[in-house]
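The structure appears below as structure tokens.
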Amino acid sequence: MGYCRLSPSSEPKSKLRQRFKVDRPISPPEKKDKITITIHLTPFNRAALVLSIITIQIVVHLYLSTLYFSAGDGFLPLIPVSVSTSCKEGLVYVYDLPKSFNTDLLRGRDALDNRFMIEETYSNDGFGPHVSSDFVSIIPSRFLSAWYATDQFAAEQIFHRRMLNHPCRTSDPTIATAFYVPFYVGLAVDRHLWNLAATPEQRDQDCFQLLRWLQDQPPFRRSNGWDHFLTISRITWNFRRQPGESWGSSFLVMPGMQNVTRLIIERSPWDSMDVAIPYPTSFHPHSAMQLQDWQNFVLEQDRRTLFGFAGAARPKIRGDFRSLINRSCEEAGSACRSVDCSDIKCLHGSAGTLELFLDSDFCLQPKGDSPTRRSVFDCMIAGAVPVFFWRETTRGQHSWFFPKEGGEDEWSVFIDRKKVRRGIVNIRKVLEGIGEEKLRKMRERVVDMIPRLVYAAGARGLGEGMEDAFDIALKGIFARFKEQKKRWR
């Protein structure tokens with residue numbers, strides 16, 4: 001067919017096996033002579049002693065009951081981590097916000113498409129419903145439990161649940177390294193985002209109230225927000241409304257937000273307080289073992305298509321590049337396949353897009369409504385190599401999660417869209433020119449990145465020392481705040 005295609009290799013596919021050390025058994029203490037002490041108590045003293053023991057047990061029980069909270073995987077303890085040796089990087093304090101700032105926002109119907117109930121879309125702690133039976137013919141049954149119909153704007157709910165269950169969460173704000181604000185601002189703003197008749201006051205109402213509440217809290221007043229952070233499930237441009245504009249909220253330019261770090265799916269390259277996190281995909285492995293099994297599965301795929309594209313053309317936009325990509329795909333014949341997402345076929349991660357990416361060596365990634373798009377992460381967790389046409393899609397975005405060593409050309413391809421428009425460059429010929437050995441290395445690099453791009457289903461992550469996107473984000477927050485604290489001194 002004129003292009004290289006990898007066949008399954010007999011070489012080991014993953015270098016991610018975990019190694020464990022077994023500590024030497026501790027020698028038992030030397031036996032010493034026993035000393036027996038006999039205490040004689042009167043009946044009154046015995047009764048008092050028994051009553052005292054019962055009282056202590058009741059007090060301890062009541063105290064411990066306050067350290068437990070409901071979570072997706074049951075009831076998990078809020079460990080007194082002030083003495084834990086496993087939290088050397090820091091402790092996180094999670095604000096108990098009024099429900100009007102988070103869970104109450106899950107009620108009602110989706111503002112953009114009232115066919116969907118918000119509560120159902122973000123069920124299962126934000127992951128959404130389990131996938132349909134369409135996936136049965138695409139992936140082995142052992143992976144089905146890890147696949148959900150996850151909305152791309154679910155990060156706020158996913159992070160909130162993990163924060164509540166984190167082993168380094170503390171109930172004592174005086175010893176906390178970082179303060180998490182579980183405000184579902186994406187949902188708050190979404191209620192008015194598509195309403196052209198909404199006033200600026202309506203668009204900002206929830207944000208103003210949240211900041212008023214937050215600025216009354218002693219930890220916030222003490223640091224002026226420098227050690228506070230929150231998750232934002234929509235792109236940064238939805239929260240930067242300027243005077244005279246009508247789109248979105250002005251949340252990120254409000255007084256009081258200038259020092260707060262935001263974990264956001266697409267950041268502003270000009271605002272250092274924005275930190276880009278991966279878009280949620282539909283893959284949420286329950287354990288490190290299940291994730292490693294998936295990595296081997298995608299590495300061993302017999303990919304029959306050179307490149308694929310999942311997206312919708314936008315003919316109303318002058319010079320729409322996606323329309324050009326569709327034409328390039330048609331001209332490539334059997335070397336290219338596409339999935340038309342013009343309706344809801346690709347919403348919440350579809351079986352069709354997963355099947356396409358599992359079958360493709362490369363996946364074309366033009367920009368979406370903004371430079372980034374969820375499809376980048378959908379394609380990479382399927383083991384396909386992404387092809388970018390805008391530098392802004394990666395540069396200045398997810399730097400905490402993409403490899404720091406090596407260059408982007410080790411795990412992705414860049415093709416200048418301007419040369420494609422002029423007919424100087426042909427997408428198929430560029431990708432056919434990548435040798436089999438280089439393609440194999442690129443795919444292995446992409447697959448190695450998968451743990452850093454997914455959000456585990458387990459309430460406390462993947463386990464076995466493997467970090468997912470949430471773990472890397474929180475570790476980055478701790479490091480960021482410690483560095484900022486040095487500057488305060």
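Convention: chains lettered A, B, ... in structure tokens order; per-chain residue numbering from 1; ligands numbered from 1 as shown.
In the backbone-derived DSSP annotation, helix (DSSP H, G or I) within segment 398-444 of chain A comprises Glu408, Asp409, Glu410, Arg417, Lys418, Lys419, Val420, Arg421, Arg422, Ile427, Arg428, Lys429, Val430, Leu431, Glu432, Glu436, Glu437, Lys438, Leu439, Arg440, Lys441, Met442, Arg443 and Glu444 of chain A.
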Output of the above residues as a tab-separated table (two decimals), in the first residue's frame, restricted to N, CA, C and O atoms:
```
chain	number	residue	atom	x	y	z
A	408	GLU	N	9.51	16.93	20.98
A	408	GLU	CA	8.16	16.50	20.64
A	408	GLU	C	8.15	15.56	19.45
A	408	GLU	O	7.21	14.76	19.29
A	409	ASP	N	9.20	15.63	18.61
A	409	ASP	CA	9.23	14.77	17.43
A	409	ASP	C	9.51	13.31	17.79
A	409	ASP	O	9.46	12.43	16.92
A	410	GLU	N	9.76	13.02	19.07
A	410	GLU	CA	9.96	11.64	19.49
A	410	GLU	C	8.64	10.93	19.75
A	410	GLU	O	8.60	9.70	19.86
A	417	ARG	N	0.44	23.54	8.50
A	417	ARG	CA	-0.87	23.61	7.82
A	417	ARG	C	-0.83	24.55	6.62
A	417	ARG	O	-1.57	24.35	5.64
A	418	LYS	N	0.00	25.58	6.70
A	418	LYS	CA	0.08	26.54	5.60
A	418	LYS	C	0.61	25.87	4.33
A	418	LYS	O	0.15	26.15	3.22
A	419	LYS	N	1.57	24.95	4.52
A	419	LYS	CA	2.11	24.23	3.36
A	419	LYS	C	1.11	23.22	2.82
A	419	LYS	O	1.08	22.95	1.62
A	420	VAL	N	0.28	22.68	3.71
A	420	VAL	CA	-0.77	21.77	3.27
A	420	VAL	C	-1.80	22.54	2.44
A	420	VAL	O	-2.25	22.08	1.39
A	421	ARG	N	-2.16	23.73	2.89
A	421	ARG	CA	-3.13	24.56	2.15
A	421	ARG	C	-2.62	24.90	0.75
A	421	ARG	O	-3.39	24.91	-0.22
A	422	ARG	N	-1.34	25.19	0.67
A	422	ARG	CA	-0.77	25.60	-0.62
A	422	ARG	C	-0.49	24.41	-1.53
A	422	ARG	O	-0.10	24.60	-2.70
A	427	ILE	N	-0.08	15.20	3.23
A	427	ILE	CA	-0.10	14.53	4.53
A	427	ILE	C	0.29	13.06	4.40
A	427	ILE	O	1.11	12.55	5.16
A	428	ARG	N	-0.29	12.37	3.44
A	428	ARG	CA	0.00	10.94	3.29
A	428	ARG	C	1.47	10.69	3.02
A	428	ARG	O	2.10	9.80	3.63
A	429	LYS	N	2.07	11.48	2.13
A	429	LYS	CA	3.48	11.26	1.78
A	429	LYS	C	4.40	11.54	2.97
A	429	LYS	O	5.40	10.83	3.15
A	430	VAL	N	4.06	12.54	3.78
A	430	VAL	CA	4.88	12.82	4.97
A	430	VAL	C	4.87	11.63	5.92
A	430	VAL	O	5.91	11.19	6.42
A	431	LEU	N	3.68	11.08	6.16
A	431	LEU	CA	3.57	9.97	7.11
A	431	LEU	C	4.13	8.68	6.54
A	431	LEU	O	4.69	7.86	7.29
A	432	GLU	N	4.00	8.45	5.25
A	432	GLU	CA	4.60	7.28	4.62
A	432	GLU	C	6.12	7.33	4.70
A	432	GLU	O	6.79	6.30	4.72
A	436	GLU	N	9.78	2.44	9.52
A	436	GLU	CA	9.16	1.50	10.45
A	436	GLU	C	9.81	1.55	11.82
A	436	GLU	O	9.13	1.52	12.85
A	437	GLU	N	11.12	1.64	11.87
A	437	GLU	CA	11.80	1.66	13.16
A	437	GLU	C	11.47	2.93	13.95
A	437	GLU	O	11.23	2.88	15.16
A	438	LYS	N	11.44	4.07	13.27
A	438	LYS	CA	11.10	5.31	13.97
A	438	LYS	C	9.66	5.29	14.45
A	438	LYS	O	9.35	5.73	15.56
A	439	LEU	N	8.76	4.77	13.63
A	439	LEU	CA	7.36	4.68	14.03
A	439	LEU	C	7.21	3.79	15.26
A	439	LEU	O	6.45	4.11	16.18
A	440	ARG	N	7.93	2.69	15.30
A	440	ARG	CA	7.87	1.81	16.46
A	440	ARG	C	8.31	2.53	17.73
A	440	ARG	O	7.66	2.44	18.77
A	441	LYS	N	9.39	3.28	17.65
A	441	LYS	CA	9.89	4.01	18.81
A	441	LYS	C	8.91	5.11	19.23
A	441	LYS	O	8.72	5.35	20.43
A	442	MET	N	8.31	5.78	18.26
A	442	MET	CA	7.35	6.83	18.57
A	442	MET	C	6.13	6.24	19.29
A	442	MET	O	5.65	6.79	20.28
A	443	ARG	N	5.66	5.09	18.79
A	443	ARG	CA	4.50	4.47	19.42
A	443	ARG	C	4.83	4.03	20.85
A	443	ARG	O	4.04	4.18	21.77
A	444	GLU	N	5.99	3.45	21.04
A	444	GLU	CA	6.38	3.02	22.39
A	444	GLU	C	6.46	4.22	23.33
A	444	GLU	O	6.09	4.12	24.51
```
Residues of segment 87-213 of chain A in strand (DSSP E), written as a ChimeraX atom specification: /A:92-94,178-180
Keeping only all heavy atoms, write the selected residues to a file as a compact mmCIF listing (two decimals), in the first residue's frame.
```
# COMPACT_ATOMS: atom_id res chain seq x y z
N VAL A 92 -2.65 18.47 51.99
CA VAL A 92 -3.66 19.27 51.32
C VAL A 92 -4.90 19.38 52.19
O VAL A 92 -5.37 18.40 52.76
CB VAL A 92 -4.02 18.69 49.93
CG1 VAL A 92 -4.58 17.29 50.03
CG2 VAL A 92 -4.97 19.61 49.18
N TYR A 93 -5.40 20.58 52.29
CA TYR A 93 -6.64 20.85 53.03
C TYR A 93 -7.73 21.14 52.00
O TYR A 93 -7.56 21.99 51.11
CB TYR A 93 -6.47 22.05 53.96
CG TYR A 93 -7.71 22.42 54.74
CD1 TYR A 93 -8.02 21.78 55.93
CD2 TYR A 93 -8.57 23.42 54.28
CE1 TYR A 93 -9.16 22.12 56.65
CE2 TYR A 93 -9.72 23.76 54.98
CZ TYR A 93 -10.01 23.10 56.17
OH TYR A 93 -11.14 23.45 56.87
N VAL A 94 -8.84 20.43 52.11
CA VAL A 94 -9.96 20.59 51.17
C VAL A 94 -11.06 21.39 51.86
O VAL A 94 -11.61 20.96 52.88
CB VAL A 94 -10.50 19.23 50.69
CG1 VAL A 94 -11.64 19.44 49.70
CG2 VAL A 94 -9.39 18.40 50.07
N ALA A 178 -1.08 23.01 50.96
CA ALA A 178 -1.91 23.51 49.86
C ALA A 178 -3.37 23.46 50.26
O ALA A 178 -3.79 22.61 51.06
CB ALA A 178 -1.67 22.67 48.60
N PHE A 179 -4.16 24.36 49.69
CA PHE A 179 -5.59 24.47 50.01
C PHE A 179 -6.39 24.32 48.72
O PHE A 179 -6.22 25.11 47.79
CB PHE A 179 -5.89 25.81 50.68
CG PHE A 179 -5.23 25.97 52.02
CD1 PHE A 179 -3.90 26.37 52.11
CD2 PHE A 179 -5.92 25.70 53.19
CE1 PHE A 179 -3.28 26.50 53.34
CE2 PHE A 179 -5.32 25.83 54.43
CZ PHE A 179 -3.99 26.23 54.51
N TYR A 180 -7.25 23.29 48.70
CA TYR A 180 -8.02 23.01 47.50
C TYR A 180 -9.43 23.58 47.63
O TYR A 180 -10.11 23.37 48.64
CB TYR A 180 -8.10 21.51 47.24
CG TYR A 180 -8.83 21.16 45.96
CD1 TYR A 180 -8.27 21.51 44.73
CD2 TYR A 180 -10.05 20.49 45.97
CE1 TYR A 180 -8.92 21.21 43.54
CE2 TYR A 180 -10.70 20.18 44.78
CZ TYR A 180 -10.14 20.55 43.57
OH TYR A 180 -10.78 20.25 42.40
```
Two-atom distance - atom CA of Met466 of chain A, atom CA of Ala288 of chain A (Å): 6.3 Å
Residue among A:Ala149, A:Ile139, A:Ala473, A:Ile158 lying closest to Gln301 of chain A, counting only C-alpha atoms: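 Answer, going by the shortest atom-to-atom distance: A:Ile139.
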Which residue of A:Arg337, A:Arg262, A:Arg107, A:Arg460 approaches Gly225 of chain A most closely, using only C-alpha atoms: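 The answer is A:Arg262, which sits nearest to Gly225 of chain A.
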Best match for closeness to Asp104 of chain A among A:Tyr184, A:Asn426, A:Phe283, A:Ala146, counting only C-alpha atoms: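 Result for the nearest residue to Asp104 of chain A: A:Tyr184.
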